[in-house]
Structures are given as structure tokens and as C-alpha cells.
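First the structure, in the form of C-alpha cells, and then the observations on it.
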Amino acid sequence: MRDIHKTYHLGEVDLPVLKGVSLNMVRGELLALMGASGSGKSTLMNILGCLDHPTSGEYWLDGQEISRLTRGEQARLRNRMIGFVFQNFNLLPRTTALENVLMPLPYARDYLSEHQMKQRAADLLQKVGLADRIDHQSSQLSGGEQQRVAIARSLVNHPQVLLADEPTGNLDSRTSEEILQMFQQLNAEGITIVLVTHDPGVAQHAGRIIHIKDGLINSGTSRSGPGCDA
Amino acid sequence: MKSYRTLKTALGALRRNVMRAVLTTLGIVIGVAAVITMMEIGNGASIAIQRTMASMGANTLVIVPGAANTSGVNYGAGSMMTLTPQDADAVDKECPAVGSVAPIVRARTQVVYGNRNWVPTYIYGTTPSFLEVRDWTDPEEGEAFTEHEVRNLSKVCMIGQTIANELFGGQSPVGKEVRIRNVAFRVIGLLRKKGANMMGMDQDDILLAPWTTIKYRVVASSLSSANQSSTTSASSSEVNTLNQIYPNLQQNLYPVASDTELADAPKPIRFTTVDQILVAARSADRVPFAIQQITALLRERHHLGAASPNDFNIRDMTEITKAMSSTAELMTKLLLTVAMISLIVGGVGIMNIMLVSVTERTREIGLRMAVGAEPNDILRQFLTEAVVLCLLGGTMGIILGRCSSYVVNTVLHWPTAASMGAIVASFIVSASVGVIFGFYPAWKASRLDPIEALRYE
């Protein structure tokens with residue numbers, strides 16, 4: 001992934017949530033977005049995930065200006081480039097782990113065979129350590145296991161960016177640790193990861209932490225790698 | 001997304017909530033089942049009506065001889081004796097649209113039993129198939145005369161209710177003997193009551209006997225006075241042509257002239273003729289074909305050149321046929337209306353549940369969009385779900401409808417008739433109901449904002 005540069009203004013009469021945010025993100029980075037609720041971090045996340053259009057500003061992803069894409073083009077981009085991990089896992093109810101992981105595949109237009117699809121999903125489940133839970137329904141899995149299924153699902157189309165919105169918000173500290181380690185491992189494999197959180201303990205795992213306050217980037221601290229600009 | 005994957009996704013989504021899917025389809029199931037049952041009962045009723053109409057004679061044709069014409073004097077319909085029993089046989093054998101055929105020899109004379117007498121409206125000499133043509137089989141008492149009795153000139157007859165009342169009062173006529181022109185006929189059957197025909201003529205005032213008996217034993221002696229205008233004399237008793245029809249019959253009614261006698265006194269060959277031929281087409285709508293075939297056949301048999309007019313006339317029951325077809329048409333329209341209403345109700349049910357389903361699965365829709373489903377994919381998925389539901393419902397409805405019409409038939413003894421058209425139509429209609437009523441919810445789902453949808457609780 002090349003550098004993202006984005007500016008976002010919601011400077012109208014109604015609520016300006018992001019008041020001009022610029023952010024550079026480097027391929028292979030593990031980035032934490034921190035901020036109190038209402039600070040605009042979720043909005044920023046939605047724009048990063050191509051779920052929303054910025055009111056103004058530019059968003060370059062992989063050398064492509066994508067803030068003005070149509071809904072269909074956005075959807076294809078999400079499918080190809082971006083994986084999502086949610087706070088509440090968002091697994092399909094009454095569906096097995098394998099089917100949950102398979103779910104995004106048909107929307108990709110690379111027309112794998114049934115067998116290839118199943119193979120890929122099973123491999124990913126093995127990677128997240130759930131090889132023995134393939135046929136369990138989502139309600140039969142613990143929170144940590146559910147989140148791991150969700151991670152496997154987000155990886156199934158080989159995305160370049162993983163957006164995790166409070167991935168540990170519903171988990172106890174031990175499973176949180178496991179999940180975060182998994183993120184670090186994935187990051188080491190070259191996937192860019194954005195962690196959205198309000199927990200400093202979680203943010204500590206990131207290579208770079210960006211604080212958002214009142215729609216502006218407050219400060220960026222870096223433990224390693226390149227610095228940031230606000 | 002490939003369509004079979006869409007189908008798979010839709011099926012998966014339905015499987016996750018089997019109970020609701022079943023309940024949703026119930027609307028369509030009941031709708032289609034109602035349509036099928038209605039159509040089958042209606043069809044049965046319509047066929048029963050047609051059968052009733054047919055018994056009134058909607059599918060019957062009457063072939064009468066043409067009008068004789070000598071030196072400018074026309075003797076009116078039926079005055080030319082051109083129809084033979086052989087014609088009747090040929091019509092029966094060679095016209096595929098014809099069901100049964102009965103030659104008729106008419107007489108009008110007194111019938112006597114004991115000290116009572118009566119002149120029936122109809123004295124018909126005919127064959128047993130007359131009863132088939134007039135849909136009058138299974139007599140109330142006794143039995144019909146047979147082909148064998150026709151061949152043997154047996155002096156047996158069947159009588160209608162009116163004659164039975166006039167001659168026998170309350171007594172059973174079967175086994176008694178009545179005299180027609182001093183020929184004693186044994187009554188072997190009593191016909192069922194049929195009432196008046198459309199012209200108000202009493203159809204029960206009838207006496208049926210083998211046509212050979214009437215022809216040779218009754219009419220032969222009276223014909224010259226009864227029908228003096230006949231140009232070709234019908235007093236054909238001098239030529240016994242029975243051997244032509246029934247070659248096995250050895251019995252000779254009259255002394256046969258030797259070859260020498262015939263050579264000395266040549267006589268014009270006369271055919272045995274009948275007064276009319278009653279024909280039943282296989283069904284009322286095949287009457288026109290029957291007319292065509294009979295016309296062609298009889299023209300050929302009578303050696304009529306292309307220029308000469310028919311020496312016979314064929315009459316059909318246009319009035320009854322018209323009444324019948326308009327009844328059938330009305331029936332079909334009525335059923336169609338009922339069918340439409342019940343399917344629309346079912347469709348609204350589907351739409352309702354699909355809307356609930358879209359609301360309930362907002363999160364799922366948001367998720368699918370987040371992982372890259374285009375609005376079109378979502379639209380197609382929900383549309384497919386609706387169509388699958390409707391088709392399943394349609395199939396179940398067809399089965400249920402067939403079963404219930406079977407039950408109606410066996411338990412209530414209502415006439416039903418399977419209708420392939422109804423099955424195909426309700427399958428197509430239930431699929432289109434799925435598309436029409438599934439579209440709005442599916443469209444609504446595809447318009448959802450993924451962010452809102454993901455946040456929806």
C-alpha cells in the first residue's frame with residue numbers, strides 16, 4: 001500500500017465531526033487510533049474503510065483516489081482491499097464457523113471453485129487456531145473464538161488493510177491479549193492494521209498511536225518506524 | 001456474483017430460519033392450493049355441466065334426406081329417400097369425430113294395450129346405439145334391445161314414461177305385450193324420464209323398437225298412405241336387402257325370385273332406406289369436424305359429382321352449443337378472478353414477512369456490504385429468497401391442492417378434473433408473485449447504508 005493522504009471536512013452548520021484530518025499511513029504499519037467516544041474516530045474509521053464518503057478532502061489508497069467512488073465501486077474495493085473486525089464480532093447466527101468465513105468469497109469476482117473456497121477458509125481457520133471448530137455454529141463458540149472466526153473472515157479475500165473497531169471491547173483481558181498478538185503476527189506478515197480503541201493498554205501493541213480529539217488529530221506517538229504528521 | 005451462488009446464499013439464509021420460511025410460504029401454499037382445488041372443482045363442474053348439456057343433445061347431429069323435386073314441385077325436407085342403413089354404418093366406421101350412430105325409421109300410429117290405446121309422438125325404429133346417442137342408457141326397468149334383436153326383426157320394444165302411464169297406469173309394463181298396427185310387441189324396457197325437449201315436445205312419449213321390425217312389420221304396410229309424396233317409393237318390401245347388411249342371416253322374409261324370374265321381369269333395385277340418421281359427435285366442440293367428415297363421406301357414397309347439391313342435410317344443435325360455450329366461459333372467468341385474489345393475498349403475506357426479515361437482518365446486510373457485497377448483490381439475494389419461497393410454496397400448494405381436490409372428490413363426491421393448465425399457471429404466477437412482492441423489500445435492503453446497518457441493534 002502506498003501512502004494515504006486524506007483530509008476530511010464536515011464544516012457545515014451541522015455537526016462537524018472531523019475538522020480537517022490529514023494522515024499518512026505506510027504499508028505494513030500497525031496503527032492505533034485512540035480517542036474518547038464522540039471524538040470522531042469511528043467516522044474516520046468508516047472513511048478509511050470506504051463505507052462513507054468524506055464531505056471534502058481526498059483519500060488515496062494504493063495510488064487511487066477513492067473518495068468519490070460509487071457505492072458499487074466502493075463495495076468491490078472493500079471486498080478486495082479491506083478486512084473488517086468488529087467489536088461485537090458480527091457473525092451470522094445459526095451458521096457454522098466455516099460458512100461465516102466463506103461468506104465474503106462469493107462477492108469477490110475471482111470465481112473460485114467450491115473446493116478452493118472451502119480450502120481457503122479452512123486454512124484460515126487453522127491459522128487462527130480453530131481447526132477443530134470448523135463445523136461449530138457461532139453460538140457454540142466463546143467470545144475469543146468468535147472474534148478469531150471474524151478475523152479469519154476478514155482475511156479471506158487477502159486484504160491489504162485490516163480495520164479493527166474495538167476488537168477487544170467485548171473480551172476479557174486474557175483473550176484480548178491473544179487476539180492482539182494475532183494482530184501483531186498478521187502485521188508481521190505485511191498486512192497494514194488499524195486498531196481503533198479507547199484502551200491505552202490495547203494501543204500499546206501498536207507501532208504508532210494516533211490520538212483524536214474533537215475531530216482533529218491531537219498527537220501521534222511512535223514507538224518505532226516513521227513518525228506521523230497531524 | 002454468480003447466480004447459483006446467490007441461490008446458495010439465499011437458501012442458506014432461509015435455512016437459518018426454517019420455521020419463519022415455512023410460515024411465510026404458508027400464504028402462497030394456501031393460495032396456490034386454493035387455486036388448484038378451485039380450478040379442479042370448477043373444471044369438474046364445468047365438465048359435468050357439459051355432460052348434462054350433451055345429454056340434452058348438444059353434440060348430436062341429425063342427417064335427414066334432401067328434398068325431392070319433380071318438375072318444379074318441391075316436396076320438402078325428407079321427401080327424398082336417400083339414406084340407407086349402410087350409410088349409417090359407414091358414418092360410424094369412417095368418421096373419426098363421430099362417437100355413435102343410430103339410424104331411425106319413424107312411424108306414427110296407434111299403440112294398443114288391452115282396452116287402452118295411445119298414439120305416441122315418436123315411434124322410432126332404431127338400433128341400441130340410439131340410447132348412447134341420446135345419453136339414455138340404463139333403463140329404469142328391464143333392459144334395452146340388442147343388436148341381435150335388430151338383426152332378427154324381433155318384436156320387442158322399449159317405452160317411455162308417458163306411454164307407460166297412458167297404457168299401463170301404475171303397473172310395470174315390462175313383459176307385457178302391446179300391439180302396433182296389429183303386430184304384437186313385447187315391452188322389454190322402460191326408459192327413464194327425460195321430460196320435454198327445448199321445443200316443449202314430450203320426450204317421454206316415445207316407443208323404441210328395432211328399426212328392422214318397424215321398417216318391415218309396421219311401416220311397410222302403411223307407408224304408402226303415410227308418405228304418399230315420396231318420389232322414390234319407400235315400399236321396399238319387395239326387395240329384401242337385409243342380406244346386404246347381415247350376410248349371415250339365412251332367414252328370408254319373402255320368397256326370393258329365381259334368376260329366371262328376375263330376368264323375365266326386371267325391377268328397379270330399391271334400397272332399404274331410413275328416415276334419418278342420428279349421430280353423436282365425440283364431443284360438442286368436434287361437431288363441425290363431424291359435419292365435414294359426414295358430408296364428404298355421404299357425397300362419396302351417394303356418387304354425387306362436384307356440381308350436384310347434397311341429397312341430404314345435416315342439422316346440429318347450434319342453440320344448445322352456444323349456451324354451453326358461454327357457460328363454460330363464465331365459469332373460467334369466475335375461477336380466474338378467485339385465483340387472482342387468493343394469490344395476491346399470499347403475495348402480500350410474502351412481502352410483509354420479507355420486510356420484517358430485512359429489518360431483522362439489518363446487521364447482516366450491513367456486514368455483507370462491509371465485506372464487499374454490492375447493492376445489486378443484496379437486491380438479488382433478497383429477491384432470490386422471495387422467489388425461492390414462492391416457488392417452494394407454489395410446489396407445496398400444487399401438491400396440497402391436488403390432495404384436497406382428491407379428498408373433495410372421494411368424500412363429498414363432487415366431480416373434479418385435474419387441470420394441467422392450472423398447475424402450470426399457478427407455478428408461473430407464484431414465481432411472478434415472488435418477484436413482484438419480493439422486489440420492494442429487496443430494494444429497501446439494497447438501499448441501506450452499511451454504517452447505519454452495522455450499528456443497528
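Identifiers for the C-alpha cells are assigned positionally: chains receive A, B, ... in sequence, residues are indexed from 1 per chain, and ligands are indexed from 1 in the order shown.
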
Contacts of chain B with chain A up to 9 Å, shortest pair per row, only C-alpha atoms, as a tab-separated table:
```
residue	atom	partner	partner_atom	distance
B:Met1	CA	A:Tyr107	CA	5.7
B:Lys2	CA	A:Pro106	CA	7.7
B:Arg5	CA	A:Pro106	CA	6.7
B:Thr6	CA	A:Pro106	CA	8.2
B:Thr9	CA	A:Met103	CA	8.4
B:Gly12	CA	A:Thr95	CA	8.5
B:Arg15	CA	A:Arg94	CA	8.9
B:Arg16	CA	A:Arg94	CA	5.7
B:Asn17	CA	A:Arg94	CA	8.5
B:Arg363	CA	A:Asn90	CA	7.6
B:Glu364	CA	A:Leu92	CA	6.7
B:Leu367	CA	A:Asn90	CA	7.1
B:Arg368	CA	A:Pro104	CA	7.1
B:Met369	CA	A:Ala75	CA	6.7
B:Ala370	CA	A:Arg78	CA	6.8
B:Val371	CA	A:Asn79	CA	5.2
B:Gly372	CA	A:Asn79	CA	4.0
B:Ala373	CA	A:Tyr107	CA	5.5
B:Glu374	CA	A:Gly72	CA	5.1
B:Pro375	CA	A:Gly72	CA	6.7
B:Asn376	CA	A:Gly72	CA	8.1
B:Asp377	CA	A:Tyr107	CA	7.7
B:Asp449	CA	A:Leu51	CA	8.4
B:Pro450	CA	A:Leu51	CA	6.6
B:Ile451	CA	A:Leu51	CA	6.6
B:Leu454	CA	A:Asn90	CA	8.4
```

- Item | Selection near range 95-100 of chain B, 6 Å with only C-alpha atoms, sequence-local residues under 3 positions removed, as number ranges by chain | B: 91, 279-282, 290, 293

- Residue nearest Thr362 in chain B among B:Met396, B:Val345, B:Leu448, B:Ala386 (counting only C-alpha atoms):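 Among B:Met396, B:Val345, B:Leu448, B:Ala386, it is B:Leu448 that comes nearest to Thr362 in chain B.
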
- Which residues come within 12 Å of Ser154 in chain B, counting only C-alpha atoms, excluding same-chain residues fewer than 6 positions away, as a ChimeraX atom specification? /B:125,127,145-148,183-188,209-217

- Find the spatial neighbours of Gly349 in chain B, counting only C-alpha atoms, within a cut-off of 10 Å - ignore same-chain residues fewer than 2 positions away - and output them as a list in words. Leu23, Thr24, Thr25, Leu26, Gly27, Ile28, Leu343, Ile344, Val345, Gly346, Gly347, Met351, Asn352, Ile353, Met354, Leu355 and Phe437 of chain B

- Message: Please report the interatomic distance between CA of Ala88 in chain B and CA of Ile277 in chain B in Å with one decimal.
- Response: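 Rounded to one decimal, the two atoms are 6.5 Å apart.
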
- Near-range 166-172 of chain B list (12 Å; only C-alpha atoms; drop same-chain fewer than 6 positions) as a list in words: Gln110, Val111, Val112, Tyr113, Gly114, Asn115, Arg116, Asn117, Trp118, Val119, Pro120, Glu140, Glu141, Gly142, Ile159, Gly160, Val178, Arg179, Val187, Ile188, Gly189, Leu190, Leu191, Asp204, Asp205 and Ile206 of chain B

Mind dumping the selected residues with C-alpha atoms as an mmCIF file, in the first residue's frame?
```cif
data_model
loop_
_atom_site.group_PDB
_atom_site.id
_atom_site.type_symbol
_atom_site.label_atom_id
_atom_site.label_comp_id
_atom_site.auth_asym_id
_atom_site.auth_seq_id
_atom_site.Cartn_x
_atom_site.Cartn_y
_atom_site.Cartn_z
ATOM 1 C CA GLN B 110 -101.747 -46.287 -32.630
ATOM 2 C CA VAL B 111 -100.360 -48.421 -29.828
ATOM 3 C CA VAL B 112 -102.825 -50.664 -28.076
ATOM 4 C CA TYR B 113 -102.679 -52.460 -24.751
ATOM 5 C CA GLY B 114 -105.779 -54.240 -23.515
ATOM 6 C CA ASN B 115 -108.636 -51.773 -23.672
ATOM 7 C CA ARG B 116 -106.413 -48.725 -23.819
ATOM 8 C CA ASN B 117 -104.794 -47.064 -26.761
ATOM 9 C CA TRP B 118 -102.444 -44.172 -27.393
ATOM 10 C CA VAL B 119 -100.686 -42.524 -30.309
ATOM 11 C CA PRO B 120 -97.130 -41.764 -29.223
ATOM 12 C CA GLU B 140 -85.455 -47.611 -15.341
ATOM 13 C CA GLU B 141 -86.764 -51.116 -15.641
ATOM 14 C CA GLY B 142 -85.972 -54.090 -17.845
ATOM 15 C CA ILE B 159 -91.336 -47.433 -23.999
ATOM 16 C CA GLY B 160 -91.098 -44.019 -22.380
ATOM 17 C CA VAL B 178 -98.588 -54.027 -26.845
ATOM 18 C CA ARG B 179 -99.925 -54.050 -30.360
ATOM 19 C CA VAL B 187 -92.169 -54.483 -23.832
ATOM 20 C CA ILE B 188 -88.703 -55.323 -22.564
ATOM 21 C CA GLY B 189 -87.636 -51.976 -21.112
ATOM 22 C CA LEU B 190 -88.959 -48.826 -19.536
ATOM 23 C CA LEU B 191 -86.957 -45.690 -20.286
ATOM 24 C CA ASP B 204 -91.004 -39.483 -22.824
ATOM 25 C CA ASP B 205 -93.805 -40.035 -25.291
ATOM 26 C CA ILE B 206 -91.651 -42.449 -27.201
#
```

Selection near range 35-40 of chain A, 9 Å with only C-alpha atoms, sequence-local residues under 2 positions removed, as an mmCIF file with N, CA and C atoms, in the first residue's frame:
```cif
data_model
loop_
_atom_site.group_PDB
_atom_site.id
_atom_site.type_symbol
_atom_site.label_atom_id
_atom_site.label_comp_id
_atom_site.auth_asym_id
_atom_site.auth_seq_id
_atom_site.Cartn_x
_atom_site.Cartn_y
_atom_site.Cartn_z
ATOM 1 N N VAL A 17 -17.759 16.684 12.526
ATOM 2 C CA VAL A 17 -17.154 15.626 13.332
ATOM 3 C C VAL A 17 -15.640 15.596 13.115
ATOM 4 N N LEU A 18 -15.237 15.650 11.862
ATOM 5 C CA LEU A 18 -13.806 15.698 11.579
ATOM 6 C C LEU A 18 -13.499 17.054 10.967
ATOM 7 N N LEU A 33 -5.719 3.945 16.534
ATOM 8 C CA LEU A 33 -6.442 5.206 16.588
ATOM 9 C C LEU A 33 -7.076 5.281 17.957
ATOM 10 N N SER A 42 -14.626 6.831 15.034
ATOM 11 C CA SER A 42 -15.422 5.886 14.253
ATOM 12 C C SER A 42 -15.694 6.430 12.854
ATOM 13 N N THR A 43 -15.959 7.735 12.776
ATOM 14 C CA THR A 43 -16.190 8.351 11.475
ATOM 15 C C THR A 43 -14.964 8.206 10.592
ATOM 16 N N LEU A 44 -13.811 8.455 11.190
ATOM 17 C CA LEU A 44 -12.565 8.326 10.446
ATOM 18 C C LEU A 44 -12.382 6.892 9.960
ATOM 19 N N MET A 45 -12.731 5.990 10.875
ATOM 20 C CA MET A 45 -12.644 4.568 10.550
ATOM 21 C C MET A 45 -13.542 4.211 9.364
ATOM 22 N N VAL A 196 -8.791 0.514 16.242
ATOM 23 C CA VAL A 196 -9.489 1.642 16.847
ATOM 24 C C VAL A 196 -9.825 1.246 18.271
ATOM 25 N N THR A 197 -9.469 2.053 19.217
ATOM 26 C CA THR A 197 -9.683 1.666 20.618
ATOM 27 C C THR A 197 -9.676 2.902 21.506
ATOM 28 N N HIS A 198 -10.214 2.735 22.692
ATOM 29 C CA HIS A 198 -10.034 3.810 23.674
ATOM 30 C C HIS A 198 -9.198 3.313 24.850
ATOM 31 N N ASP A 199 -8.708 2.087 24.714
ATOM 32 C CA ASP A 199 -7.964 1.466 25.807
ATOM 33 C C ASP A 199 -6.462 1.628 25.553
ATOM 34 N N ILE A 210 -2.247 7.176 17.342
ATOM 35 C CA ILE A 210 -2.729 8.496 16.964
ATOM 36 C C ILE A 210 -3.906 8.850 17.851
ATOM 37 N N HIS A 211 -3.839 9.979 18.488
ATOM 38 C CA HIS A 211 -4.924 10.419 19.360
ATOM 39 C C HIS A 211 -5.811 11.369 18.600
ATOM 40 N N ILE A 212 -7.089 11.130 18.684
ATOM 41 C CA ILE A 212 -8.033 12.025 18.036
ATOM 42 C C ILE A 212 -8.853 12.698 19.112
ATOM 43 N N LYS A 213 -9.024 13.983 18.968
ATOM 44 C CA LYS A 213 -9.846 14.698 19.935
ATOM 45 C C LYS A 213 -10.632 15.758 19.194
ATOM 46 N N ASP A 214 -11.927 15.741 19.352
ATOM 47 C CA ASP A 214 -12.803 16.735 18.756
ATOM 48 C C ASP A 214 -12.581 16.899 17.257
ATOM 49 N N GLY A 215 -12.393 15.809 16.603
ATOM 50 C CA GLY A 215 -12.318 15.856 15.154
ATOM 51 C C GLY A 215 -10.980 16.295 14.618
ATOM 52 N N LEU A 216 -10.017 16.341 15.449
ATOM 53 C CA LEU A 216 -8.686 16.712 14.979
ATOM 54 C C LEU A 216 -7.691 15.703 15.529
#
```

- So how many Å separate CA of Leu336 in chain B and CA of Ile47 in chain B, to one decimal? 16.7 Å

- Enter the distance from CA of Ile36 in chain B to CA of Gly401 in chain B, in Å, rounded to one decimal.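 Those two atoms sit 5.1 Å apart.
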
- Task: Using DSSP on the backbone coordinates, identify the residues of range 35-132 of chain B assigned to strand (DSSP E); present them as a VMD selection string.
- Result: chain B and resid 60 to 65 69 to 70 73 to 74 98 to 107 111 to 113 116 to 118 122 to 126

- Residues near Glu145 in chain A, cut-off 8 Å, only C-alpha atoms, skip fewer than 4 positions along chain, as a VMD selection string: chain A and resid 130 141 149

Selected residues written out, C-alpha atoms, as an mmCIF file, in the first residue's frame:
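The result, stored in part.cif:
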```
data_model
loop_
_atom_site.group_PDB
_atom_site.id
_atom_site.type_symbol
_atom_site.label_atom_id
_atom_site.label_comp_id
_atom_site.auth_asym_id
_atom_site.auth_seq_id
_atom_site.Cartn_x
_atom_site.Cartn_y
_atom_site.Cartn_z
ATOM 1 C CA LEU A 130 -9.776 -23.032 15.229
ATOM 2 C CA LEU A 141 -18.162 -20.556 20.262
ATOM 3 C CA VAL A 149 -13.580 -16.522 13.253
#
```

- Hey, what does DSSP flag as helix (DSSP H, G or I) within range 66-200 of chain A? Can you give it to me as a PyMOL selection string? chain A and resi 71-81+97-102+105-107+114-127+131-133+138-140+143-155+173-188+200
